[in-house]
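Input: a single structure, listed below in structure tokens.
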Amino acid sequence: MGYEGGDDSAEPIDRRVPESPRTALAVAREAALLLPNLVTLILRLLRDPRVSIRRKLLLAGVAAYVVSPIDLIPDFIGGFGHVDDIVLVSVAVDHLLSGTDADIVLEHWDGSIDALDLVRSVFGWGSEIVPSVFSRILPR
């Protein structure tokens with residue numbers, strides 16, 4: 001009961017040669033190109049009156065924490081010093097994007113839809129690793 005070749009509903013077999021994995025430099029270059037669009041998006045969302053003030057305040061609070069010399073995990077601890085900053089920024093940006101109407105986010109996004117999906121998935125991991133007891137206190 002293999003493929004008989006006469007069924008038009010079956011998906012064709014993809015016989016293309018797979019692409020070779022991208023180098024770390026290529027991935028870093030792509031991420032760097034997303035950064036200006038991400039910064040522009042966040043600034044535009046912060047100025048948009050349709051975005052919840054609570055979500056804006058959470059992002060502002062996290063930004064203040066990141067630039068503050070006081071940290072939960074001191075920055076001088078090798079490898080782990082910036083983990084708290086990265087997770088908090090990730091949670092705050094994810095909270096801003098996921099809590100804002102998709103049409104508003106798209107209105108302010110200058111890049112491609114695929115790039116926005118990538119941004120959302122990258123920042124979404126922060127919310128996934130934060131214990132649920134903390135995520136329940138985030139502003140709605």
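The way I read the labels, and the way they are meant: chains A, B, ... in the order of the structure tokens, residue 1 as the first residue of every chain, and ligand 1 as the first ligand shown, with later ones counted on from there.
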
So which residues touch Gly124 (chain A) within 12 Å, counting only C-alpha atoms, skipping near sequence neighbours fewer than 6 positions away, as a PDB file with C-alpha atoms, in the first residue's frame?
```pdb
ATOM      1  CA  VAL A  87      14.382  37.131  31.167  1.00  0.00           C
ATOM      2  CA  LEU A  88      12.667  40.265  32.473  1.00  0.00           C
ATOM      3  CA  VAL A  89      13.077  42.110  29.163  1.00  0.00           C
ATOM      4  CA  SER A  90      11.777  39.068  27.328  1.00  0.00           C
ATOM      5  CA  VAL A  91       8.718  38.819  29.590  1.00  0.00           C
ATOM      6  CA  ALA A  92       7.968  42.548  29.340  1.00  0.00           C
ATOM      7  CA  VAL A  93       8.256  42.686  25.539  1.00  0.00           C
ATOM      8  CA  ASP A  94       6.203  39.505  25.164  1.00  0.00           C
ATOM      9  CA  HIS A  95       3.578  40.924  27.505  1.00  0.00           C
ATOM     10  CA  LEU A  96       3.432  44.133  25.487  1.00  0.00           C
ATOM     11  CA  LEU A  97       3.149  42.340  22.135  1.00  0.00           C
ATOM     12  CA  SER A  98       0.747  39.607  23.195  1.00  0.00           C
ATOM     13  CA  LEU A 116       7.572  39.569  13.420  1.00  0.00           C
ATOM     14  CA  ASP A 117       6.718  35.917  14.053  1.00  0.00           C
ATOM     15  CA  LEU A 118      10.371  35.308  14.851  1.00  0.00           C
ATOM     16  CA  VAL A 130       8.870  32.298  34.358  1.00  0.00           C
TER      17      VAL A 130
END
```

task: For Val119 (chain A), work out the shell of residues within 12 Å, counting only C-alpha atoms and skipping chain neighbours fewer than 6 positions away, then give it as a ChimeraX atom specification.
output: /A:30-35,37-39,41-42,90,93-94,97-98,105,109,111-113,125-126

Once DSSP has gone over the backbone, tell me which residues of region 36-139 of chain A are in helix (DSSP H, G or I), as a compact mmCIF listing (two decimals) with N, CA and C atoms, in the first residue's frame.
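Written file, part.txt:
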```txt
# COMPACT_ATOMS: atom_id res chain seq x y z
N PRO A 36 16.70 47.16 14.71
CA PRO A 36 16.10 48.48 14.46
C PRO A 36 14.57 48.44 14.34
N ASN A 37 14.05 47.40 13.66
CA ASN A 37 12.60 47.28 13.54
C ASN A 37 11.95 47.03 14.90
N LEU A 38 12.61 46.24 15.74
CA LEU A 38 12.06 45.95 17.07
C LEU A 38 12.04 47.21 17.93
N VAL A 39 13.12 47.95 17.93
CA VAL A 39 13.18 49.19 18.71
C VAL A 39 12.12 50.18 18.23
N THR A 40 11.99 50.31 16.91
CA THR A 40 10.98 51.20 16.35
C THR A 40 9.58 50.75 16.76
N LEU A 41 9.33 49.46 16.69
CA LEU A 41 8.02 48.92 17.09
C LEU A 41 7.71 49.25 18.54
N ILE A 42 8.66 49.00 19.42
CA ILE A 42 8.42 49.24 20.85
C ILE A 42 8.18 50.73 21.10
N LEU A 43 8.97 51.59 20.50
CA LEU A 43 8.78 53.04 20.70
C LEU A 43 7.42 53.49 20.19
N ARG A 44 7.01 52.98 19.04
CA ARG A 44 5.70 53.34 18.50
C ARG A 44 4.57 52.83 19.39
N LEU A 45 4.71 51.60 19.90
CA LEU A 45 3.68 51.06 20.78
C LEU A 45 3.59 51.85 22.09
N LEU A 46 4.73 52.30 22.58
CA LEU A 46 4.73 53.09 23.82
C LEU A 46 4.03 54.44 23.62
N ARG A 47 4.06 54.96 22.40
CA ARG A 47 3.40 56.24 22.12
C ARG A 47 1.94 56.09 21.68
N ILE A 53 -1.89 51.22 29.29
CA ILE A 53 -0.89 51.96 30.07
C ILE A 53 -0.15 51.02 31.03
N ARG A 54 -0.84 50.00 31.52
CA ARG A 54 -0.20 49.05 32.44
C ARG A 54 0.91 48.27 31.75
N ARG A 55 0.69 47.91 30.50
CA ARG A 55 1.72 47.18 29.75
C ARG A 55 2.91 48.10 29.49
N LYS A 56 2.65 49.36 29.22
CA LYS A 56 3.72 50.33 29.01
C LYS A 56 4.51 50.53 30.30
N LEU A 57 3.81 50.62 31.43
CA LEU A 57 4.49 50.80 32.70
C LEU A 57 5.35 49.60 33.07
N LEU A 58 4.87 48.40 32.75
CA LEU A 58 5.68 47.21 33.02
C LEU A 58 6.98 47.27 32.23
N LEU A 59 6.90 47.62 30.97
CA LEU A 59 8.10 47.72 30.14
C LEU A 59 9.03 48.81 30.67
N ALA A 60 8.47 49.94 31.06
CA ALA A 60 9.29 51.03 31.61
C ALA A 60 9.95 50.61 32.92
N GLY A 61 9.21 49.88 33.75
CA GLY A 61 9.78 49.39 35.02
C GLY A 61 10.92 48.41 34.79
N VAL A 62 10.76 47.54 33.83
CA VAL A 62 11.83 46.59 33.50
C VAL A 62 13.04 47.32 32.94
N ALA A 63 12.80 48.32 32.10
CA ALA A 63 13.91 49.11 31.56
C ALA A 63 14.67 49.81 32.69
N ALA A 64 13.95 50.34 33.67
CA ALA A 64 14.59 50.98 34.82
C ALA A 64 15.41 49.97 35.62
N TYR A 65 14.87 48.77 35.78
CA TYR A 65 15.58 47.72 36.51
C TYR A 65 16.88 47.33 35.78
N VAL A 66 16.80 47.22 34.47
CA VAL A 66 17.96 46.79 33.69
C VAL A 66 19.10 47.81 33.80
N VAL A 67 18.78 49.10 33.79
CA VAL A 67 19.84 50.11 33.88
C VAL A 67 20.26 50.39 35.32
N VAL A 83 21.31 37.14 33.23
CA VAL A 83 20.16 36.26 32.98
C VAL A 83 18.87 36.91 33.46
N ASP A 84 18.88 37.49 34.65
CA ASP A 84 17.65 38.12 35.15
C ASP A 84 17.20 39.26 34.25
N ASP A 85 18.17 40.05 33.75
CA ASP A 85 17.83 41.15 32.84
C ASP A 85 17.20 40.62 31.55
N ILE A 86 17.81 39.60 30.98
CA ILE A 86 17.33 39.04 29.71
C ILE A 86 15.92 38.47 29.87
N VAL A 87 15.70 37.74 30.95
CA VAL A 87 14.38 37.13 31.17
C VAL A 87 13.33 38.21 31.39
N LEU A 88 13.65 39.21 32.20
CA LEU A 88 12.67 40.27 32.47
C LEU A 88 12.34 41.08 31.21
N VAL A 89 13.34 41.39 30.41
CA VAL A 89 13.08 42.11 29.16
C VAL A 89 12.22 41.25 28.24
N SER A 90 12.55 39.98 28.17
CA SER A 90 11.78 39.07 27.33
C SER A 90 10.32 39.00 27.77
N VAL A 91 10.09 38.88 29.07
CA VAL A 91 8.72 38.82 29.59
C VAL A 91 7.98 40.12 29.31
N ALA A 92 8.63 41.25 29.53
CA ALA A 92 7.97 42.55 29.34
C ALA A 92 7.62 42.79 27.87
N VAL A 93 8.53 42.48 26.96
CA VAL A 93 8.26 42.69 25.54
C VAL A 93 7.17 41.72 25.07
N ASP A 94 7.24 40.47 25.52
CA ASP A 94 6.20 39.51 25.16
C ASP A 94 4.85 39.96 25.70
N HIS A 95 4.83 40.45 26.90
CA HIS A 95 3.58 40.92 27.51
C HIS A 95 3.01 42.11 26.73
N LEU A 96 3.86 42.99 26.29
CA LEU A 96 3.43 44.13 25.49
C LEU A 96 2.87 43.67 24.15
N LEU A 97 3.58 42.79 23.46
CA LEU A 97 3.15 42.34 22.13
C LEU A 97 1.92 41.45 22.19
N SER A 98 1.87 40.54 23.15
CA SER A 98 0.75 39.61 23.20
C SER A 98 -0.52 40.27 23.73
N ALA A 102 -3.39 42.61 17.51
CA ALA A 102 -2.46 42.24 16.43
C ALA A 102 -2.45 43.27 15.31
N ASP A 103 -3.60 43.88 15.03
CA ASP A 103 -3.64 44.89 13.97
C ASP A 103 -2.81 46.12 14.33
N ILE A 104 -2.80 46.48 15.61
CA ILE A 104 -2.01 47.62 16.07
C ILE A 104 -0.52 47.29 15.94
N VAL A 105 -0.14 46.08 16.35
CA VAL A 105 1.27 45.68 16.24
C VAL A 105 1.70 45.68 14.78
N LEU A 106 0.87 45.12 13.91
CA LEU A 106 1.21 45.10 12.48
C LEU A 106 1.29 46.50 11.88
N GLU A 107 0.46 47.38 12.36
CA GLU A 107 0.47 48.77 11.87
C GLU A 107 1.82 49.44 12.15
N HIS A 108 2.42 49.09 13.27
CA HIS A 108 3.68 49.72 13.68
C HIS A 108 4.92 48.94 13.27
N ILE A 113 6.25 39.82 7.95
CA ILE A 113 5.44 39.06 8.90
C ILE A 113 6.27 37.93 9.50
N ASP A 114 7.10 37.29 8.68
CA ASP A 114 7.95 36.22 9.19
C ASP A 114 8.91 36.73 10.26
N ALA A 115 9.44 37.92 10.05
CA ALA A 115 10.35 38.51 11.04
C ALA A 115 9.60 38.82 12.33
N LEU A 116 8.37 39.30 12.22
CA LEU A 116 7.57 39.57 13.42
C LEU A 116 7.25 38.27 14.15
N ASP A 117 6.95 37.22 13.42
CA ASP A 117 6.72 35.92 14.05
C ASP A 117 7.96 35.44 14.79
N LEU A 118 9.12 35.67 14.20
CA LEU A 118 10.37 35.31 14.85
C LEU A 118 10.56 36.10 16.14
N VAL A 119 10.30 37.40 16.07
CA VAL A 119 10.43 38.26 17.26
C VAL A 119 9.50 37.76 18.36
N ARG A 120 8.26 37.47 18.00
CA ARG A 120 7.29 36.99 18.99
C ARG A 120 7.73 35.67 19.61
N SER A 121 8.26 34.77 18.80
CA SER A 121 8.67 33.48 19.35
C SER A 121 9.90 33.61 20.24
N VAL A 122 10.82 34.48 19.87
CA VAL A 122 12.02 34.68 20.68
C VAL A 122 11.66 35.26 22.04
N PHE A 123 10.80 36.28 22.05
CA PHE A 123 10.44 36.88 23.32
C PHE A 123 9.42 36.05 24.09
N GLY A 124 8.72 35.17 23.40
CA GLY A 124 7.76 34.31 24.07
C GLY A 124 8.40 33.32 25.03
N TRP A 125 9.65 32.96 24.78
CA TRP A 125 10.29 31.98 25.66
C TRP A 125 10.43 32.51 27.08
N GLY A 126 10.57 33.82 27.23
CA GLY A 126 10.71 34.40 28.57
C GLY A 126 9.49 34.14 29.42
N SER A 127 8.33 34.28 28.84
CA SER A 127 7.09 34.02 29.58
C SER A 127 6.93 32.54 29.89
N GLU A 128 7.49 31.70 29.05
CA GLU A 128 7.37 30.26 29.27
C GLU A 128 8.23 29.77 30.42
N ILE A 129 9.36 30.42 30.67
CA ILE A 129 10.24 29.93 31.73
C ILE A 129 9.98 30.57 33.08
N SER A 132 4.59 30.26 36.94
CA SER A 132 3.23 30.78 36.75
C SER A 132 2.79 31.71 37.88
N VAL A 133 3.35 31.54 39.09
CA VAL A 133 2.98 32.40 40.20
C VAL A 133 3.36 33.86 39.91
N PHE A 134 4.47 34.06 39.18
CA PHE A 134 4.89 35.42 38.82
C PHE A 134 4.11 35.94 37.63
N SER A 135 3.83 35.06 36.68
CA SER A 135 3.11 35.53 35.49
C SER A 135 1.68 35.93 35.80
```

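The space separating CA of Leu72 (chain A) from CA of Ala28 (chain A) comes to 27.9 Å.
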